[in-house]
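A short write-up of the structure that comes next.
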Amino acid sequence: MPDDLISRRQWLALTPLSAAVLAAQQHAHDVMRAGAPATLSVLGAAEAREIEALAAQIIPADGTPGAREAGVIYFIDRALATFDTDKRALYTEGLRQAQDKRHQLFPASQSIAALQPGEQIRLLHAIERTDFFELLRTHTIMSFFGNPSYGGNRDQSGWKLIGFDDRHHFDPPFGYYDGPEGGQ
Amino acid sequence: MRQFKPSEKVDFLIIGAGAAGGIMAKELASSGFSVVVLEQGPYLREKDFDHDEIKFTRLSAMTNNLTKQPQTYRKSDAEPAKVQPQKIIQYGRQVGGGSVHFTANYWRLWESDFRQKGKFGGIAGASLADWPVSYSDLEPFYTKAEEELGVSGLAGVNPFEAWRSKPYPLPPLPVKSSGVIFERATRKLGLHPFPAPMAILSQPYRGRGACAHCGFCETFGCEMRAKSSTLATVIPVAERTGRCEIRPDSYTRKIELDANGRVTGAVYFDKDRREVFQKAKAVIVCANGSETPRLLFMSKSSRFPQGLANSNGLVGKYLMFDAGFEAFGLFEHPLNEFKSVQTTRAIHDFYEPDPKRGFYGGGGIDARFDFYPISFALNGLPPGAPRWGSEWKAMVAKNFTRTITLLAHATCLAQERNNITLDPDVKDAWGLPAIRVTFDFHPDDMSNMKFLLERQVEILQAASAQRVWTDTTDLSLLPHNHLLGTCRMGDDPKTSVVDRYHRAHDVPNLFLVDGSSLVTACCQPTCTIQALAYRAAEHIAGEARKAAV
């Protein structure tokens with residue numbers, strides 16, 4: 001994928017899924033809604049820690065919750081089990097390359113998760129033009145700002161951050177400019 | 001709902017239960033005819049329409065599915081077509097079709113739209129033509145569509161709008177902050193903003209409730225039934241006649257022809273992929289500007305070796321997409337544009353093509369917010385902004401409620417080189433040939449969209465936006481929802497596919513009623529497609545009563 005922004009309209013058209021996958025996903029939803037414990041089904045524990053450490057720098061906790069606190073890893077695991085099964089290999093290969101880069105940058109280090117935050121950020125900068133980074137960024141954002149039923153956006157922390165409110169009903173005025181202070 | 005046996009010869013078989021098909025079904029069933037409607041997609045209901053951005057955007061829960069139905073694309077026929085990683089053609093794929101997920105902009109054409117060739121003459125490289133119908137022919141049906149479906153707007157504010165016999169049935173929806181900002185800025189520039197006409201109820205109407213301003217219109221279905229989709233309006237009426245069966249999960253692969261050159265029904269795959277032949281006295285294809293020509297190509301016969309109703313070779317040609325660039329503005333105070341309908345104000349000051357500009361083209365501009373939380377976080381920030389990390393997070397947090405989009409809805413010139421054909425190699429999950437798109441914008445289309453983008457930027461600057469930026473991504477490669485012109489209507493069988501009442505010139509009991517009929521394209525086609533459907537239905541019912549179908 002080129003490193004320019006995915007436009008809104010491209011986002012709307014990203015490759016969709018089969019009915020079977022949708023059904024699987026509906027099942028995943030139902031499980032989440034039933035309050036099942038958050039467990040991993042695709043990613044191994046060590047691999048999950050490394051991916052989570054990267055995602056936690058894409059959306060860091062800095063006064064408000066970040067990707068880790070919002071449950072990003074459960075979202076990614078679920079995505080790889082349901083609607084993005086074909087992305088599994090990109091995670092494996094992307095993470096391998098990220099580890100190579102880590103060795104190169106920080107020869108004495110043991111894992112991504114064990115790096116200092118500043119080192120993790122340097123590592124992300126070193127891989128941010130890769131397909132793996134794009135996928136991880138997309139998944140991290142989807143998890144943080146998507147419906148909490150997918151496993152991320154816990155306590156709606158992503159929505160609270162941006163001032164989005166998922167409701168069925170609003171009354172005008174909706175914003176400043178269509179209200180009395182805005183001169184309307 | 002009445003159910004018919006496939007062996008029962010119904011009066012009309014309609015293929016596609018969308019914006020046009022739903023109207024044809026209701027009108028013909030209400031006129032006493034038996035009707036079966038075959039719909040590719042499922043029968044979703046309001047309970048299925050939640051606010052799940054992943055499901056309805058990333059997973060295409062209500063639109064065509066590239067995994068099952070791949071598409072290929074080439075800029076011209078000189079290059080090989082390639083399978084696309086993302087949609088070029090996007091259409092609603094459930095009962096109600098695109099009218100379920102559309103933004104609900106409901107613009108009538110202007111009188112002059114029907115006479116562009118007469119007015120502007122030939123344009124090099126383009127196939128500009130006049131319509132076989134005029135605005136006056138269509139006006140009663142525009143009015144009927146607005147009244148039956150429920151459209152909110154305010155007549156008389158837009159000084160450029162065509163005459164109308166009646167006001168809008170519902171007052172406009174409440175203005176949003178984007179609308180207030182847009183209205184002030186355009187007035188400052190001497191332009192003429194008006195409340196955007198929307199097929200969304202501003203007040204309770206005919207048993208349906210008013211819009212509750214939840215903000216999930218574009219790409220979503222309306223759980224309140226306030227969006228005037230055919231699913232929420234005419235389709236239930238058609239079913240209540242006891243003469244209409246909507247048959248979902250039914251994917252048509254061929255229209256059959258008899259030795260006399262009349263169609264006899266259609267073969268479709270049911271939800272278990274069994275092939276079923278539904279008999280009918282007449283067939284009406286309302287499958288959209290991409291699937292209608294595709295089905296005609298798949299319905300080849302010894303009589304029509306180039307595809308059904310394609311003796312002149314024009315089926316699939318003159319493909320038009322409405323398109324326009326986006327400009328964005330960032331404002332000081334919260335706009336909260338995630339609430340309520342996408343757009344509340346528009347202008348038509350640059351709608352009419354003007355030869356003085358040095359190119360053919362025009363269009364409307366509206367103020368809106370074209371993002372949901374995920375899409376905004378992915379790409380809603382201005383160029384040069386960080387893409388991740390603390391600084392990015394802070395900008396997303398600050399900008400989400402303070403950003404607006406100005407979107408242009410521009411003309412698209414018909415060109416013979418732009419078309420829908422069958423891909424010779426790529427098949428869909430049912431083994432049917434994939435859609436192959438050959439398309440590139442005319443140079444005048446590009447000049448026009450750039451001209452409109454300059455106007456969009458001027459408006460945002462006049463609105464004192466803190467920051468203004470634009471997106472000029474190659475629009476030919478983006479998903480297009482307005483699929484137009486591929487079975488053009490006209491009086492001359494040599495230069496058009498259907499006549500002024502949508503009857504195929506080649507086949508007396510075959511009608512094509514959808515975006516494929518449109519001769520020119522500007523801006524927002526749904527209103528015109530639906531008015532044409534009402535007009536066609538009235539005529540076809542009359543002909544059927546005289547046994548002339």
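Each chain of the structure tokens is named A, B, ... in the order shown, its residues numbered from 1; ligands are numbered from 1 in display order.
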* For Pro173 (chain A), please output as a count of residues only all residues within 12 Å (counting only C-alpha atoms; exclusion window: fewer than 6 positions along the same chain). => 21
* Asked: Out of region 363-530 of chain B, which residues get alpha helix (DSSP H) from DSSP, as a PyMOL selection string?
  -> chain B and resi 373-379+389-399+443-462+526-530
Keeping only C-alpha atoms, take the residues you just selected and write them out as a short mmCIF file (atom, residue, chain, number, x, y, z; two decimals), in the first residue's frame.
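Here's the written file again-v8.cif:
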data_model
loop_
_atom_site.label_atom_id
_atom_site.label_comp_id
_atom_site.auth_asym_id
_atom_site.auth_seq_id
_atom_site.Cartn_x
_atom_site.Cartn_y
_atom_site.Cartn_z
CA PRO B 373 -15.22 7.89 13.90
CA ILE B 374 -13.01 5.26 12.24
CA SER B 375 -12.83 6.92 8.83
CA PHE B 376 -12.05 10.24 10.48
CA ALA B 377 -9.25 8.81 12.61
CA LEU B 378 -7.82 7.06 9.55
CA ASN B 379 -7.76 10.07 7.27
CA GLY B 389 1.20 8.83 18.36
CA SER B 390 0.32 11.38 20.99
CA GLU B 391 0.26 14.43 18.76
CA TRP B 392 -1.99 12.63 16.25
CA LYS B 393 -4.28 11.47 19.04
CA ALA B 394 -4.66 15.01 20.34
CA MET B 395 -5.45 16.33 16.85
CA VAL B 396 -8.08 13.65 16.21
CA ALA B 397 -9.60 14.44 19.61
CA LYS B 398 -9.74 18.16 18.81
CA ASN B 399 -10.71 18.05 15.14
CA PRO B 443 -10.77 16.43 -19.79
CA ASP B 444 -13.68 18.85 -19.40
CA ASP B 445 -14.95 16.84 -16.41
CA MET B 446 -11.56 17.27 -14.77
CA SER B 447 -11.41 21.00 -15.55
CA ASN B 448 -14.90 21.38 -14.16
CA MET B 449 -14.15 19.52 -10.94
CA LYS B 450 -11.02 21.65 -10.43
CA PHE B 451 -13.07 24.79 -11.08
CA LEU B 452 -15.66 23.69 -8.51
CA LEU B 453 -12.91 22.82 -6.02
CA GLU B 454 -11.60 26.39 -6.26
CA ARG B 455 -15.12 27.61 -5.43
CA GLN B 456 -15.29 25.18 -2.48
CA VAL B 457 -12.01 26.55 -1.15
CA GLU B 458 -13.21 30.15 -1.58
CA ILE B 459 -16.33 29.37 0.44
CA LEU B 460 -14.33 27.84 3.27
CA GLN B 461 -12.00 30.83 3.28
CA ALA B 462 -14.98 33.20 3.32
CA THR B 526 -31.93 9.26 -7.45
CA CYS B 527 -34.78 11.75 -7.70
CA THR B 528 -34.72 11.59 -11.50
CA ILE B 529 -34.41 7.79 -11.58
CA GLN B 530 -37.46 7.52 -9.35
#
Using only C-alpha atoms, determine which residues lie at most 8 Å from Asn288 (chain B), disregarding the query and same-chain residues fewer than 5 positions distant; provide the list as a PDB file with N, CA and C atoms, in the first residue's frame.
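Below is the file that was written, out.pdb:
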ATOM      1  N   GLY B  16     -34.405  -6.568  -9.624  1.00  0.00           N
ATOM      2  CA  GLY B  16     -33.819  -5.492  -8.829  1.00  0.00           C
ATOM      3  C   GLY B  16     -34.876  -4.773  -8.018  1.00  0.00           C
ATOM      4  N   TYR B  91     -22.987  -0.717  -5.276  1.00  0.00           N
ATOM      5  CA  TYR B  91     -24.437  -0.565  -5.300  1.00  0.00           C
ATOM      6  C   TYR B  91     -25.069  -1.263  -4.107  1.00  0.00           C
ATOM      7  N   LEU B 483     -24.460   5.090 -11.033  1.00  0.00           N
ATOM      8  CA  LEU B 483     -24.050   4.251 -12.159  1.00  0.00           C
ATOM      9  C   LEU B 483     -25.014   4.520 -13.297  1.00  0.00           C
ATOM     10  N   LEU B 484     -24.571   5.323 -14.258  1.00  0.00           N
ATOM     11  CA  LEU B 484     -25.530   5.967 -15.150  1.00  0.00           C
ATOM     12  C   LEU B 484     -25.200   5.799 -16.628  1.00  0.00           C
ATOM     13  N   ASP B 514     -33.840   2.300 -14.778  1.00  0.00           N
ATOM     14  CA  ASP B 514     -32.907   2.587 -13.672  1.00  0.00           C
ATOM     15  C   ASP B 514     -31.921   3.647 -14.154  1.00  0.00           C
ATOM     16  N   GLY B 515     -30.818   3.803 -13.476  1.00  0.00           N
ATOM     17  CA  GLY B 515     -29.834   4.812 -13.863  1.00  0.00           C
ATOM     18  C   GLY B 515     -29.271   4.605 -15.251  1.00  0.00           C
ATOM     19  N   SER B 516     -29.411   3.394 -15.792  1.00  0.00           N
ATOM     20  CA  SER B 516     -28.867   3.143 -17.126  1.00  0.00           C
ATOM     21  C   SER B 516     -29.573   3.969 -18.199  1.00  0.00           C
TER      22      SER B 516
END
Would you kindly return, as a PDB file with C-alpha atoms, in the first residue's frame, each protein, DNA or RNA residue with an atom no farther than 10 Å from any atom of Ala29 (chain B), considering only C-alpha atoms and excluding same-chain residues fewer than 4 positions away?
ATOM      1  CA  ASP B  11     -47.662 -10.242 -15.545  1.00  0.00           C
ATOM      2  CA  PHE B  12     -44.335  -8.619 -14.702  1.00  0.00           C
ATOM      3  CA  ILE B  23     -41.556   1.890  -7.406  1.00  0.00           C
ATOM      4  CA  MET B  24     -42.298  -0.265 -10.461  1.00  0.00           C
ATOM      5  CA  ALA B  25     -43.462  -3.068  -8.163  1.00  0.00           C
ATOM      6  CA  PHE B  33     -50.985  -6.802 -12.161  1.00  0.00           C
ATOM      7  CA  SER B  34     -49.178  -9.772 -10.671  1.00  0.00           C
ATOM      8  CA  VAL B  35     -45.530  -9.019  -9.961  1.00  0.00           C
ATOM      9  CA  VAL B  36     -42.473 -10.962  -8.844  1.00  0.00           C
ATOM     10  CA  VAL B 237     -47.458  -1.052  -0.148  1.00  0.00           C
ATOM     11  CA  ALA B 238     -46.660  -3.371  -3.058  1.00  0.00           C
ATOM     12  CA  GLU B 239     -46.685  -6.377  -0.752  1.00  0.00           C
ATOM     13  CA  ARG B 240     -49.986  -5.386   0.822  1.00  0.00           C
ATOM     14  CA  THR B 241     -51.731  -5.502  -2.564  1.00  0.00           C
ATOM     15  CA  GLY B 242     -51.514  -9.288  -2.390  1.00  0.00           C
ATOM     16  CA  ARG B 243     -50.239  -9.274  -5.963  1.00  0.00           C
ATOM     17  CA  CYS B 244     -46.513  -8.722  -5.415  1.00  0.00           C
ATOM     18  CA  GLU B 245     -43.825 -11.081  -4.184  1.00  0.00           C
ATOM     19  CA  ALA B 541     -49.620  -0.256 -16.954  1.00  0.00           C
TER      20      ALA B 541
END
* Nearest residue to Ser157 (chain A) from the set A:Gly175, A:Leu54, A:Phe144, A:Gly63 (distances using only C-alpha atoms) -> A:Phe144
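Take CA of Gly118 (chain A) and CA of Ala56 (chain A): the distance between them is 12.1 Å.
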* Asked: Out of A:Leu135, A:Ile51, A:Ile121, A:Leu80, which residue has the shortest atom-to-atom distance to chain B when counting only C-alpha atoms?
  -> A:Ile121
* Which of A:Glu50, A:Asp155, A:Asp100, A:Glu128 sits closest to chain B [using only C-alpha atoms] ->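 Residue with the minimum atom-to-atom distance to chain B: A:Glu128.
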* Asked: If we count only C-alpha atoms, what is near region 306-322 of chain B at a cut-off of 7 Å, once residues fewer than 5 positions away on the same chain are taken out, given as a PyMOL selection string?
  -> chain B and resi 293+296-300+409-416+418-421+480+482-487+494+496-497+504+506-507+521-523
Could you write out the selected residues, including N, CA and C atoms, as a JSON list (two decimals), in the first residue's frame?
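See again.json below for the written result:
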[["chain", "number", "residue", "atom", "x", "y", "z"],
["B", 293, "PRO", "N", -26.73, -3.63, -17.83],
["B", 293, "PRO", "CA", -26.03, -4.05, -19.06],
["B", 293, "PRO", "C", -25.36, -5.41, -18.92],
["B", 296, "LEU", "N", -27.86, -8.04, -19.63],
["B", 296, "LEU", "CA", -28.18, -8.10, -21.06],
["B", 296, "LEU", "C", -27.07, -8.84, -21.82],
["B", 297, "PHE", "N", -25.81, -8.55, -21.45],
["B", 297, "PHE", "CA", -24.70, -9.25, -22.10],
["B", 297, "PHE", "C", -24.76, -10.75, -21.79],
["B", 298, "MET", "N", -25.16, -11.09, -20.57],
["B", 298, "MET", "CA", -25.22, -12.50, -20.19],
["B", 298, "MET", "C", -26.42, -13.20, -20.83],
["B", 299, "SER", "N", -27.33, -12.43, -21.42],
["B", 299, "SER", "CA", -28.55, -12.99, -22.01],
["B", 299, "SER", "C", -28.44, -13.05, -23.53],
["B", 300, "LYS", "N", -27.27, -13.43, -24.01],
["B", 300, "LYS", "CA", -27.06, -13.57, -25.46],
["B", 300, "LYS", "C", -27.94, -14.68, -26.02],
["B", 409, "HIS", "N", -20.82, 18.11, -6.59],
["B", 409, "HIS", "CA", -21.57, 17.09, -7.33],
["B", 409, "HIS", "C", -21.61, 17.59, -8.76],
["B", 410, "ALA", "N", -20.79, 17.01, -9.61],
["B", 410, "ALA", "CA", -20.50, 17.63, -10.90],
["B", 410, "ALA", "C", -21.09, 16.85, -12.06],
["B", 411, "THR", "N", -21.12, 17.50, -13.23],
["B", 411, "THR", "CA", -21.51, 16.83, -14.46],
["B", 411, "THR", "C", -20.46, 15.79, -14.83],
["B", 412, "CYS", "N", -20.90, 14.79, -15.58],
["B", 412, "CYS", "CA", -19.98, 13.79, -16.13],
["B", 412, "CYS", "C", -20.41, 13.60, -17.58],
["B", 413, "LEU", "N", -19.50, 13.84, -18.49],
["B", 413, "LEU", "CA", -19.85, 13.74, -19.91],
["B", 413, "LEU", "C", -19.93, 12.28, -20.35],
["B", 414, "ALA", "N", -20.95, 11.99, -21.16],
["B", 414, "ALA", "CA", -21.04, 10.65, -21.75],
["B", 414, "ALA", "C", -19.97, 10.52, -22.83],
["B", 415, "GLN", "N", -19.22, 9.41, -22.77],
["B", 415, "GLN", "CA", -18.22, 9.14, -23.80],
["B", 415, "GLN", "C", -18.41, 7.69, -24.24],
["B", 416, "GLU", "N", -18.30, 7.46, -25.53],
["B", 416, "GLU", "CA", -18.50, 6.09, -26.03],
["B", 416, "GLU", "C", -17.43, 5.15, -25.48],
["B", 418, "ASN", "N", -16.23, 4.95, -22.56],
["B", 418, "ASN", "CA", -16.47, 4.53, -21.17],
["B", 418, "ASN", "C", -17.61, 3.53, -21.13],
["B", 419, "ASN", "N", -17.35, 2.37, -20.58],
["B", 419, "ASN", "CA", -18.42, 1.36, -20.67],
["B", 419, "ASN", "C", -18.33, 0.29, -19.59],
["B", 420, "ILE", "N", -19.40, -0.47, -19.52],
["B", 420, "ILE", "CA", -19.48, -1.72, -18.75],
["B", 420, "ILE", "C", -19.49, -2.85, -19.78],
["B", 421, "THR", "N", -18.60, -3.82, -19.59],
["B", 421, "THR", "CA", -18.62, -5.03, -20.42],
["B", 421, "THR", "C", -18.42, -6.23, -19.49],
["B", 480, "HIS", "N", -17.89, 4.23, -6.99],
["B", 480, "HIS", "CA", -18.94, 5.10, -7.52],
["B", 480, "HIS", "C", -20.29, 4.46, -7.26],
["B", 482, "HIS", "N", -23.22, 6.21, -8.24],
["B", 482, "HIS", "CA", -24.14, 6.70, -9.26],
["B", 482, "HIS", "C", -23.71, 6.08, -10.59],
["B", 483, "LEU", "N", -24.46, 5.09, -11.03],
["B", 483, "LEU", "CA", -24.05, 4.25, -12.16],
["B", 483, "LEU", "C", -25.01, 4.52, -13.30],
["B", 484, "LEU", "N", -24.57, 5.32, -14.26],
["B", 484, "LEU", "CA", -25.53, 5.97, -15.15],
["B", 484, "LEU", "C", -25.20, 5.80, -16.63],
["B", 485, "GLY", "N", -26.26, 5.82, -17.44],
["B", 485, "GLY", "CA", -26.12, 6.06, -18.87],
["B", 485, "GLY", "C", -25.90, 4.87, -19.78],
["B", 486, "THR", "N", -25.81, 3.66, -19.24],
["B", 486, "THR", "CA", -25.32, 2.52, -20.01],
["B", 486, "THR", "C", -26.36, 1.85, -20.91],
["B", 487, "CYS", "N", -27.64, 2.25, -20.80],
["B", 487, "CYS", "CA", -28.67, 1.80, -21.74],
["B", 487, "CYS", "C", -29.52, 3.02, -22.05],
["B", 494, "LYS", "N", -31.27, 3.66, -33.54],
["B", 494, "LYS", "CA", -29.85, 3.52, -33.92],
["B", 494, "LYS", "C", -28.92, 4.12, -32.87],
["B", 496, "SER", "N", -29.87, 4.71, -29.43],
["B", 496, "SER", "CA", -30.27, 4.51, -28.04],
["B", 496, "SER", "C", -30.75, 3.07, -27.84],
["B", 497, "VAL", "N", -30.89, 2.68, -26.59],
["B", 497, "VAL", "CA", -31.24, 1.28, -26.27],
["B", 497, "VAL", "C", -32.72, 1.16, -25.92],
["B", 504, "ALA", "N", -37.31, -1.52, -24.50],
["B", 504, "ALA", "CA", -36.15, -1.80, -25.35],
["B", 504, "ALA", "C", -36.58, -1.67, -26.81],
["B", 506, "ASP", "N", -35.43, -3.12, -29.23],
["B", 506, "ASP", "CA", -35.34, -4.43, -29.90],
["B", 506, "ASP", "C", -36.36, -5.45, -29.43],
["B", 507, "VAL", "N", -36.90, -5.28, -28.23],
["B", 507, "VAL", "CA", -37.73, -6.35, -27.63],
["B", 507, "VAL", "C", -39.00, -5.72, -27.05],
["B", 521, "ALA", "N", -25.64, 13.32, -17.06],
["B", 521, "ALA", "CA", -25.50, 13.10, -15.62],
["B", 521, "ALA", "C", -25.06, 14.38, -14.95],
["B", 522, "CYS", "N", -25.84, 14.80, -14.00],
["B", 522, "CYS", "CA", -25.36, 15.86, -13.13],
["B", 522, "CYS", "C", -25.81, 15.60, -11.71],
["B", 523, "CYS", "N", -24.88, 15.50, -10.83],
["B", 523, "CYS", "CA", -25.13, 15.75, -9.41],
["B", 523, "CYS", "C", -25.78, 14.61, -8.65]]
* **Distance in Å - CA of Arg45 (chain B) versus CA of Thr343 (chain B)** => 24.8 Å
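With CA of Ser152 (chain B) on one side and CA of Gly364 (chain B) on the other, the separation reads 18.1 Å.
Of the residues under consideration (A:Arg154, A:Lys101, A:Arg137, A:Arg122), A:Arg137 shows the shortest atom-to-atom contact distance to chain B when counting only C-alpha atoms.
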